[in-house]
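Here's my_file-v2.txt, which has compact mmCIF, C-alpha atoms (C1' of nucleotides) and all ligand atoms:
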```
# COMPACT_ATOMS: atom_id res chain seq x y z
CA MET A 1 -41.95 -112.49 223.17
CA LEU A 2 -38.55 -110.92 222.86
CA ILE A 3 -37.30 -112.88 225.82
CA THR A 4 -37.94 -116.59 226.12
CA ARG A 5 -38.46 -118.74 229.13
CA ALA A 6 -34.97 -120.11 228.70
CA SER A 7 -33.57 -116.66 229.37
CA GLU A 8 -35.68 -116.22 232.46
CA TYR A 9 -34.46 -119.53 233.83
CA ALA A 10 -30.89 -118.64 232.97
CA ILE A 11 -31.04 -115.37 234.87
CA LEU A 12 -32.77 -116.89 237.87
CA SER A 13 -30.09 -119.55 237.99
CA LEU A 14 -27.29 -117.04 237.72
CA ILE A 15 -28.73 -115.03 240.58
CA LEU A 16 -28.78 -118.09 242.77
CA LEU A 17 -25.30 -119.13 241.71
CA SER A 18 -23.91 -115.68 242.39
CA SER A 19 -24.60 -116.12 246.07
CA ALA A 20 -23.28 -119.68 246.28
CA LYS A 21 -19.83 -120.60 247.48
CA GLU A 22 -19.60 -124.04 245.97
CA PRO A 23 -20.74 -125.45 242.64
CA MET A 24 -24.41 -126.37 242.52
CA ASP A 25 -25.68 -129.30 240.49
CA SER A 26 -28.51 -128.93 238.09
CA GLU A 27 -30.93 -130.98 240.17
CA THR A 28 -30.56 -128.74 243.20
CA LEU A 29 -31.03 -125.65 241.07
CA SER A 30 -34.04 -127.21 239.43
CA ARG A 31 -35.67 -128.01 242.75
CA GLU A 32 -34.81 -124.67 244.30
CA LEU A 33 -36.25 -122.68 241.42
CA SER A 34 -39.06 -125.02 240.35
CA ILE A 35 -37.67 -125.38 236.87
CA PRO A 36 -37.95 -128.59 234.80
CA LYS A 37 -34.66 -130.36 235.34
CA SER A 38 -33.94 -131.41 231.80
CA PHE A 39 -34.75 -128.04 230.34
CA LEU A 40 -32.54 -126.30 232.84
CA ALA A 41 -29.68 -128.66 232.12
CA LYS A 42 -29.58 -127.62 228.51
CA ILE A 43 -29.57 -123.96 229.47
CA LEU A 44 -26.72 -124.40 231.91
CA GLN A 45 -24.75 -126.29 229.30
CA ALA A 46 -25.10 -123.42 226.88
CA LEU A 47 -23.93 -120.97 229.52
CA ALA A 48 -20.96 -123.20 230.30
CA LYS A 49 -20.02 -123.44 226.67
CA SER A 50 -19.91 -119.69 226.28
CA GLY A 51 -17.73 -119.21 229.31
CA VAL A 52 -20.21 -117.66 231.69
CA LEU A 53 -20.36 -120.74 233.84
CA LYS A 54 -17.81 -123.40 234.59
CA SER A 55 -18.91 -127.00 234.89
CA TYR A 56 -17.48 -129.68 237.12
CA LYS A 57 -18.20 -133.30 236.39
CA GLY A 58 -18.26 -136.27 238.67
CA ALA A 59 -19.26 -136.48 242.29
CA LYS A 60 -19.63 -133.13 244.06
CA GLY A 61 -19.74 -131.53 240.65
CA GLY A 62 -22.04 -128.88 239.32
CA PHE A 63 -21.94 -125.38 237.92
CA ALA A 64 -20.35 -122.19 239.21
CA LEU A 65 -19.85 -118.69 237.87
CA ASP A 66 -16.69 -118.24 235.87
CA LYS A 67 -16.79 -114.43 235.75
CA GLU A 68 -17.39 -111.48 238.00
CA THR A 69 -21.09 -110.61 238.23
CA LYS A 70 -20.37 -107.17 236.83
CA ASP A 71 -18.83 -108.75 233.75
CA ILE A 72 -21.94 -110.71 232.83
CA SER A 73 -24.24 -108.66 230.65
CA MET A 74 -27.82 -109.68 230.06
CA LEU A 75 -27.27 -109.40 226.34
CA ALA A 76 -24.54 -112.01 226.50
CA VAL A 77 -26.66 -114.33 228.58
CA MET A 78 -29.63 -114.12 226.26
CA SER A 79 -27.58 -114.41 223.11
CA CYS A 80 -26.00 -117.58 224.29
CA VAL A 81 -29.09 -119.17 225.78
CA GLU A 82 -31.35 -118.42 222.83
CA GLY A 83 -28.69 -119.17 220.25
CA LYS A 84 -28.88 -115.69 218.80
CA ALA A 85 -29.16 -112.15 220.02
CA PRO A 86 -32.72 -111.17 220.87
CA ALA A 87 -34.15 -109.45 217.81
CA VAL A 88 -37.15 -107.21 217.72
CA PHE A 89 -37.88 -108.44 214.22
CA GLU A 90 -36.31 -110.66 211.61
CA CYS A 91 -34.67 -107.81 209.75
CA ALA A 92 -33.81 -105.60 212.69
CA PRO A 93 -30.17 -106.60 213.29
CA ALA A 94 -28.93 -105.88 209.78
CA GLU A 95 -30.23 -104.71 206.45
CA LYS A 96 -29.09 -107.93 204.88
CA SER A 97 -31.62 -109.90 206.86
CA CYS A 98 -34.49 -108.58 204.78
CA PRO A 99 -35.85 -111.46 202.73
CA SER A 100 -36.93 -109.19 199.91
CA GLU A 101 -33.58 -107.42 199.95
CA GLN A 102 -35.28 -104.07 199.94
CA ALA A 103 -34.14 -102.84 203.30
CA ASN A 104 -32.46 -99.88 201.67
CA ILE A 105 -35.75 -98.62 200.32
CA CYS A 106 -37.99 -100.02 203.03
CA SER A 107 -39.79 -97.30 204.96
CA ILE A 108 -40.01 -99.13 208.21
CA TRP A 109 -36.54 -100.59 208.51
CA PRO A 110 -35.00 -97.43 210.01
CA PHE A 111 -37.42 -97.43 212.87
CA LEU A 112 -37.03 -101.12 213.53
CA HIS A 113 -33.29 -100.69 213.63
CA LYS A 114 -33.55 -97.78 216.01
CA LEU A 115 -35.73 -99.70 218.40
CA GLN A 116 -33.36 -102.63 218.22
CA GLY A 117 -30.48 -100.36 219.07
CA LYS A 118 -32.21 -99.07 222.17
CA ILE A 119 -32.93 -102.53 223.41
CA ASP A 120 -29.44 -103.78 222.68
CA SER A 121 -27.74 -101.03 224.58
CA PHE A 122 -30.11 -101.46 227.49
CA LEU A 123 -29.35 -105.16 227.72
CA GLU A 124 -25.68 -104.62 227.05
CA GLU A 125 -25.24 -102.26 229.98
CA LEU A 126 -27.31 -104.25 232.38
CA THR A 127 -25.14 -106.72 234.24
CA LEU A 128 -25.84 -109.48 236.68
CA ALA A 129 -24.36 -107.28 239.39
CA ASP A 130 -27.04 -104.64 238.76
CA ILE A 131 -29.76 -107.17 239.27
CA VAL A 132 -28.34 -108.88 242.32
CA GLU A 133 -27.61 -105.81 244.35
CA GLU A 134 -31.08 -104.34 244.16
CA MET B 1 -39.48 -111.83 217.93
CA LEU B 2 -41.24 -109.00 219.60
CA ILE B 3 -42.90 -107.98 216.35
CA THR B 4 -44.63 -110.51 214.16
CA ARG B 5 -44.98 -110.66 210.43
CA ALA B 6 -48.58 -109.56 210.73
CA SER B 7 -47.43 -106.26 212.15
CA GLU B 8 -44.93 -105.74 209.37
CA TYR B 9 -47.63 -106.34 206.78
CA ALA B 10 -49.98 -104.02 208.60
CA ILE B 11 -47.50 -101.17 208.60
CA LEU B 12 -46.52 -101.67 204.98
CA SER B 13 -50.19 -101.58 204.03
CA LEU B 14 -50.83 -98.46 206.06
CA ILE B 15 -47.94 -96.69 204.37
CA LEU B 16 -49.32 -97.50 200.98
CA LEU B 17 -52.84 -96.52 201.97
CA SER B 18 -51.64 -93.21 203.39
CA SER B 19 -50.66 -92.07 199.93
CA ALA B 20 -53.80 -93.29 198.21
CA LYS B 21 -56.76 -91.11 197.43
CA GLU B 22 -59.33 -93.82 196.96
CA PRO B 23 -59.96 -97.03 198.85
CA MET B 24 -57.79 -99.96 197.82
CA ASP B 25 -59.06 -103.52 197.83
CA SER B 26 -57.18 -106.29 199.55
CA GLU B 27 -56.18 -108.00 196.33
CA THR B 28 -54.47 -104.92 194.95
CA LEU B 29 -52.62 -104.39 198.20
CA SER B 30 -51.62 -108.02 198.28
CA ARG B 31 -50.22 -107.87 194.75
CA GLU B 32 -48.50 -104.54 195.26
CA LEU B 33 -46.74 -105.63 198.43
CA SER B 34 -46.27 -109.32 197.68
CA ILE B 35 -48.22 -110.37 200.71
CA PRO B 36 -50.34 -113.52 200.85
CA LYS B 37 -53.86 -112.38 200.11
CA SER B 38 -55.73 -114.34 202.71
CA PHE B 39 -53.35 -113.44 205.46
CA LEU B 40 -53.49 -109.79 204.57
CA ALA B 41 -57.28 -109.82 204.50
CA LYS B 42 -57.36 -110.93 208.09
CA ILE B 43 -54.99 -108.19 209.12
CA LEU B 44 -56.94 -105.49 207.35
CA GLN B 45 -60.13 -106.70 208.96
CA ALA B 46 -58.57 -106.39 212.39
CA LEU B 47 -57.43 -102.86 211.61
CA ALA B 48 -60.90 -101.96 210.39
CA LYS B 49 -62.49 -103.35 213.51
CA SER B 50 -60.33 -101.21 215.72
CA GLY B 51 -61.10 -98.04 213.81
CA VAL B 52 -57.78 -97.46 212.12
CA LEU B 53 -59.17 -98.33 208.72
CA LYS B 54 -62.58 -97.94 207.21
CA SER B 55 -63.89 -100.62 204.90
CA TYR B 56 -66.16 -100.23 201.91
CA LYS B 57 -67.99 -103.17 200.43
CA GLY B 58 -69.19 -103.73 196.92
CA ALA B 59 -67.74 -102.60 193.64
CA LYS B 60 -65.03 -99.96 193.92
CA GLY B 61 -64.78 -100.88 197.56
CA GLY B 62 -61.74 -101.56 199.66
CA PHE B 63 -59.96 -100.08 202.65
CA ALA B 64 -58.96 -96.52 203.47
CA LEU B 65 -57.47 -94.76 206.46
CA ASP B 66 -60.00 -93.54 208.97
CA LYS B 67 -57.64 -91.35 210.97
CA GLU B 68 -54.93 -88.81 210.42
CA THR B 69 -51.54 -90.43 209.99
CA LYS B 70 -50.27 -88.61 213.05
CA ASP B 71 -53.02 -90.17 215.13
CA ILE B 72 -52.02 -93.72 214.33
CA SER B 73 -49.43 -94.99 216.78
CA MET B 74 -47.45 -98.10 216.10
CA LEU B 75 -48.38 -99.42 219.50
CA ALA B 76 -52.05 -99.28 218.57
CA VAL B 77 -51.44 -100.99 215.24
CA MET B 78 -49.49 -103.82 216.77
CA SER B 79 -51.83 -104.31 219.66
CA CYS B 80 -54.78 -104.69 217.37
CA VAL B 81 -53.09 -106.85 214.75
CA GLU B 82 -51.46 -109.21 217.20
CA GLY B 83 -54.44 -109.34 219.50
CA LYS B 84 -52.42 -108.07 222.44
CA ALA B 85 -49.81 -105.45 223.12
CA PRO B 86 -46.30 -106.55 222.27
CA ALA B 87 -44.72 -107.85 225.47
CA VAL B 88 -41.05 -108.29 226.09
CA PHE B 89 -41.87 -111.21 228.31
CA GLU B 90 -44.88 -112.97 229.72
CA CYS B 91 -44.79 -111.14 233.01
CA ALA B 92 -43.58 -107.78 231.79
CA PRO B 93 -46.90 -105.93 231.46
CA ALA B 94 -48.06 -106.43 235.03
CA GLU B 95 -46.99 -108.15 238.19
CA LYS B 96 -50.12 -110.23 238.13
CA SER B 97 -48.96 -112.03 235.01
CA CYS B 98 -46.33 -113.96 236.89
CA PRO B 99 -47.42 -117.60 236.95
CA SER B 100 -45.73 -118.25 240.27
CA GLU B 101 -47.21 -115.09 241.74
CA GLN B 102 -43.86 -114.06 243.08
CA ALA B 103 -43.39 -110.93 241.07
CA ASN B 104 -43.17 -108.90 244.24
CA ILE B 105 -40.11 -110.81 245.41
CA CYS B 106 -38.73 -111.66 241.98
CA SER B 107 -35.33 -110.15 241.35
CA ILE B 108 -35.67 -109.76 237.65
CA TRP B 109 -39.18 -108.41 237.32
CA PRO B 110 -38.15 -104.78 237.90
CA PHE B 111 -35.74 -104.83 235.02
CA LEU B 112 -38.19 -106.54 232.71
CA HIS B 113 -40.80 -103.97 233.53
CA LYS B 114 -38.39 -101.15 232.91
CA LEU B 115 -37.43 -102.46 229.51
CA GLN B 116 -41.08 -102.95 228.65
CA GLY B 117 -41.77 -99.38 229.60
CA LYS B 118 -39.06 -98.09 227.30
CA ILE B 119 -40.38 -100.06 224.38
CA ASP B 120 -43.98 -99.09 225.03
CA SER B 121 -43.28 -95.40 225.09
CA PHE B 122 -41.16 -95.66 221.98
CA LEU B 123 -43.95 -97.39 220.08
CA GLU B 124 -46.58 -95.16 221.60
CA GLU B 125 -44.95 -91.98 220.40
CA LEU B 126 -44.05 -93.27 216.96
CA THR B 127 -46.87 -92.53 214.55
CA LEU B 128 -47.51 -93.43 210.97
CA ALA B 129 -46.78 -89.84 210.07
CA ASP B 130 -43.25 -90.17 211.43
CA ILE B 131 -42.61 -93.15 209.21
CA VAL B 132 -44.14 -91.79 206.05
CA GLU B 133 -42.45 -88.43 206.01
CA GLU B 134 -38.93 -89.77 206.24
C1' DC C 1 -86.62 -102.46 189.56
C1' DG C 2 -83.87 -106.69 189.52
C1' DA C 3 -80.05 -109.51 188.62
C1' DA C 4 -75.28 -109.93 188.00
C1' DT C 5 -71.01 -108.59 189.84
C1' DC C 6 -67.84 -106.96 193.03
C1' DT C 7 -65.61 -106.96 197.57
C1' DA C 8 -65.34 -107.36 202.57
C1' DA C 9 -66.41 -110.60 206.61
C1' DA C 10 -65.96 -114.76 208.86
C1' DG C 11 -64.96 -119.30 209.57
C1' DC C 12 -62.20 -123.55 209.43
C1' DC C 13 -58.09 -126.12 208.05
C1' DA C 14 -53.02 -127.05 206.82
C1' DT C 15 -48.33 -126.36 207.47
C1' DA C 16 -43.94 -124.43 209.50
C1' DA C 17 -41.54 -122.67 213.13
C1' DT C 18 -40.65 -122.28 217.89
C1' DA C 19 -40.74 -123.18 222.78
C1' DG C 20 -40.72 -126.31 226.18
C1' DC C 21 -39.71 -130.69 228.13
C1' DC C 22 -37.87 -135.66 228.64
C1' DT C 23 -34.56 -139.82 228.01
C1' DC C 24 -30.59 -141.98 227.41
C1' DC C 25 -25.54 -141.83 226.74
C1' DT C 26 -20.80 -140.22 228.04
C1' DG C 27 -17.14 -138.79 230.94
C1' DA C 28 -15.07 -137.66 235.43
C1' DT C 29 -14.44 -138.24 240.31
C1' DA C 30 -13.87 -140.68 244.55
C1' DT D 1 -15.09 -149.74 239.49
C1' DA D 2 -19.19 -147.83 241.17
C1' DT D 3 -21.43 -143.64 241.25
C1' DC D 4 -22.45 -139.06 240.29
C1' DA D 5 -23.41 -135.37 237.23
C1' DG D 6 -22.86 -133.21 232.66
C1' DG D 7 -23.57 -133.86 227.37
C1' DA D 8 -26.26 -134.67 223.34
C1' DG D 9 -30.32 -135.72 220.87
C1' DG D 10 -35.27 -136.62 220.45
C1' DC D 11 -40.24 -135.62 221.29
C1' DT D 12 -44.62 -132.79 222.05
C1' DA D 13 -47.47 -128.67 222.68
C1' DT D 14 -48.09 -124.15 221.19
C1' DT D 15 -47.93 -120.49 218.12
C1' DA D 16 -47.26 -118.16 213.71
C1' DT D 17 -48.21 -118.14 209.10
C1' DG D 18 -50.83 -118.88 205.13
C1' DG D 19 -54.76 -121.26 202.33
C1' DC D 20 -59.46 -122.05 201.21
C1' DT D 21 -64.50 -121.68 201.22
C1' DT D 22 -68.73 -119.67 202.37
C1' DT D 23 -71.55 -115.79 203.66
C1' DA D 24 -73.21 -111.10 203.43
C1' DG D 25 -73.50 -106.44 201.99
C1' DA D 26 -72.98 -102.87 198.36
C1' DT D 27 -72.63 -101.28 193.59
C1' DT D 28 -73.58 -101.21 188.80
C1' DC D 29 -75.88 -102.08 184.67
C1' DG D 30 -79.63 -103.91 181.80
S1 LIG A 201 -39.35 -105.26 203.86
FE1 LIG A 201 -38.61 -103.81 205.42
S2 LIG A 201 -39.56 -104.53 207.33
FE2 LIG A 201 -39.83 -106.20 205.85
S3 LIG A 201 -38.06 -107.51 206.25
FE3 LIG A 201 -37.39 -106.11 204.61
S4 LIG A 201 -36.44 -104.36 205.70
FE4 LIG A 201 -37.59 -105.55 207.24
S1 LIG A 202 -40.73 -115.31 238.46
FE1 LIG A 202 -40.11 -113.19 237.96
S2 LIG A 202 -39.47 -113.28 235.82
FE2 LIG A 202 -40.56 -115.21 236.20
S3 LIG A 202 -42.67 -114.75 235.54
FE3 LIG A 202 -42.58 -114.28 237.75
S4 LIG A 202 -42.07 -112.09 237.86
FE4 LIG A 202 -41.62 -112.75 235.77
```
Any chance you could put this one into structure tokens?
Amino acid sequence: MLITRASEYAILSLILLSSAKEPMDSETLSRELSIPKSFLAKILQALAKSGVLKSYKGAKGGFALDKETKDISMLAVMSCVEGKAPAVFECAPAEKSCPSEQANICSIWPFLHKLQGKIDSFLEELTLADIVEE
Amino acid sequence: MLITRASEYAILSLILLSSAKEPMDSETLSRELSIPKSFLAKILQALAKSGVLKSYKGAKGGFALDKETKDISMLAVMSCVEGKAPAVFECAPAEKSCPSEQANICSIWPFLHKLQGKIDSFLEELTLADIVEE
DNA sequence: CGAATCTAAAGCCATAATAGCCTCCTGATA
DNA sequence: TATCAGGAGGCTATTATGGCTTTAGATTCG
């Protein structure tokens, strides 16, 4: 799996939040989307920390978007939720990642890197706005 | 990770085998590529079962390619080694895979499916020949 | 021809990494 | 200050990876 469940939940939440006027708390989101509350909380926290969401504590608190939908790329969302950018394979992002340090002579690294590039640019260009307005 | 270590090992083995005249036994391959022997054996068996490799028992036995390099697609290799086709996400291959059975109204399924399609065709068209002759 | 030897085939087990989920603590608001 | 909701860490199930042993088929040599 290139994409984890955490990313799915993140995107579903963002979609819902994009059409909300006021901040929504994690419990409401959890109920609305049938997502385990505690798991979702951690995801939302990560999104808040990276600036995609803004969190409000205390009564009437919750989460709300902190950017325009067209400024939220799927790549950014996944990178932040999963802790690292989605990689097709361990060594795909950079030659240095190869454990045997033979990426320069490895026959399959070029193709891995090419595939990774395609995926990255796809995710980079795809924004929340694209998804919502379909 | 979309691609597992088993797939990496499979491809590395196939590259080596493509330039060999005679069958190579799993131990030689394991030593040559620094791959755990027992793990590699399992991978080679899977490849043999799906017709990519041909196995020879007894003395002077081993594994050899059973197809032209240009007829071996990476998609086929991965599918057979990993037991299933590499999926970008649980629900990406087909709408039916959605656990909540809401793929038809799900906002993000279309984009997942599109990404999956891109990856599939990339892997489908990439053959062992392409990799070897670089 | 027959036995010893070689190698794949198949099964089960152990460990490491990851994904997924839950509980309690901390801080802000009313 | 009482309450509401986010923050941080811990726990379990699943998967990926690798090890080990036994079985079975083929070859080679005496
Ligand atoms: S050997 Fe090649 S495929 Fe394997 S990790 Fe290194 S660069 Fe990647
Ligand atoms: S809800 Fe959408 S993204 Fe989630 S599994 Fe179903 S189709 Fe896929």
Centre, x/y/z edge lengths, axis-aligned box for ligand LIG 201 (chain A) with 6 Å per side, as JSON:
```
{"center_x": -38.1, "center_y": -105.7, "center_z": 205.6, "size_x": 15.4, "size_y": 15.7, "size_z": 15.5}
```
Step by step, measure atom-to-atom distances between ligand LIG 202 (chain A) and each residue using only C-alpha atoms (C1' of nucleotides) and all ligand atoms, keep those at most 10 Å, then write them as a ChimeraX atom specification. /A:5,7-9,11-12,33 /B:89-113
Give me the residues within 10 Å of stretch 3-7 of chain C as a PyMOL selection string, counting only C-alpha atoms (C1' of nucleotides) and dropping any in the same chain fewer than 5 places off. (chain B and resi 25-27+55-62) or (chain D and resi 25-30)
Print the selection's residues with C-alpha atoms (C1' of nucleotides) to a file, as an mmCIF file, in the frame of the given file.
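File again00.cif, as written:
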```
data_model
loop_
_atom_site.group_PDB
_atom_site.id
_atom_site.type_symbol
_atom_site.label_atom_id
_atom_site.label_comp_id
_atom_site.auth_asym_id
_atom_site.auth_seq_id
_atom_site.Cartn_x
_atom_site.Cartn_y
_atom_site.Cartn_z
ATOM 1 C CA ASP B 25 -59.060 -103.520 197.830
ATOM 2 C CA SER B 26 -57.180 -106.290 199.550
ATOM 3 C CA GLU B 27 -56.180 -108.000 196.330
ATOM 4 C CA SER B 55 -63.890 -100.620 204.900
ATOM 5 C CA TYR B 56 -66.160 -100.230 201.910
ATOM 6 C CA LYS B 57 -67.990 -103.170 200.430
ATOM 7 C CA GLY B 58 -69.190 -103.730 196.920
ATOM 8 C CA ALA B 59 -67.740 -102.600 193.640
ATOM 9 C CA LYS B 60 -65.030 -99.960 193.920
ATOM 10 C CA GLY B 61 -64.780 -100.880 197.560
ATOM 11 C CA GLY B 62 -61.740 -101.560 199.660
ATOM 12 C "C1'" DG D 25 -73.500 -106.440 201.990
ATOM 13 C "C1'" DA D 26 -72.980 -102.870 198.360
ATOM 14 C "C1'" DT D 27 -72.630 -101.280 193.590
ATOM 15 C "C1'" DT D 28 -73.580 -101.210 188.800
ATOM 16 C "C1'" DC D 29 -75.880 -102.080 184.670
ATOM 17 C "C1'" DG D 30 -79.630 -103.910 181.800
#
```
Could you check the closest approach to ligand LIG 201 (chain A) for each of A:Ile35, A:Val88, A:Leu29, A:Lys42 and tell me which residue wins, using only C-alpha atoms and all ligand atoms?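 Between A:Ile35, A:Val88, A:Leu29, A:Lys42, the residue approaching ligand LIG 201 (chain A) most closely is A:Val88.
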Determine which residues of chain C sit within 9 Å of chain A, taking into account all atoms listed in the file, and present them as a PyMOL selection string. chain C and resi 19-22+27-30
Within 12 Å of (-32.2, -99.5, 220.2) (file coordinates; only C-alpha atoms (C1' of nucleotides)), which protein or nucleic acid residues are there? I'd like them as an NGL selection string. (:A and (86-88 or 92-93 or 110-124)) or (:B and (115 or 118-119 or 122-123))
Stretch 125-128 of chain A: which residues within 10 Å, counting only C-alpha atoms (C1' of nucleotides), same-chain residues fewer than 4 positions away excluded, as a ChimeraX atom specification? /A:11,14-15,18,68-77,120-121,132-133 /B:108,111
To one decimal place in Å, what is the distance between atom C1' of D:DG6 and atom CA of A:Lys21? 19.7 Å
Please compute the atom CA of B:Glu32-atom C1' of D:DG18 distance, one decimal, in Å.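 Computing the Euclidean distance for atom CA of B:Glu32 and atom C1' of D:DG18 yields 17.6 Å.
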Taking 2 positions as the minimum chain separation for residues in the same chain, which residues sit within 10 Å of D:DT21 when counting all atoms listed in the file? Answer as a PyMOL selection string. (chain C and resi 11-12) or (chain D and resi 19+23)
As a check of understanding: the span from atom CA of A:Ala85 to atom CA of A:Val52 is 15.7 Å
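Among the candidates D:DG10, D:DC4, D:DA16, D:DA24, the residue lying nearest to chain A is D:DC4 (atoms considered: all atoms listed in the file).
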With distances taken over only C-alpha atoms (C1' of nucleotides), which of A:Ala64, A:Ala41, A:Leu47, A:Met78 is nearest to chain D? A:Ala41
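Distances to chain B were evaluated for D:DT1, D:DT12, D:DG7, D:DT17 using all atoms listed in the file, and the minimum falls at D:DT17.
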Which one is closest to chain D: A:Met1, A:Leu16, A:Ile131, A:Cys80? Count only C-alpha atoms (C1' of nucleotides).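 For chain D, the nearest of the candidates is A:Met1.
In this comparison, which uses only C-alpha atoms and all ligand atoms, the residue of B:Ser34, B:Ser19, B:Thr28, B:Ser79 approaching ligand LIG 201 (chain A) most closely is B:Ser34.
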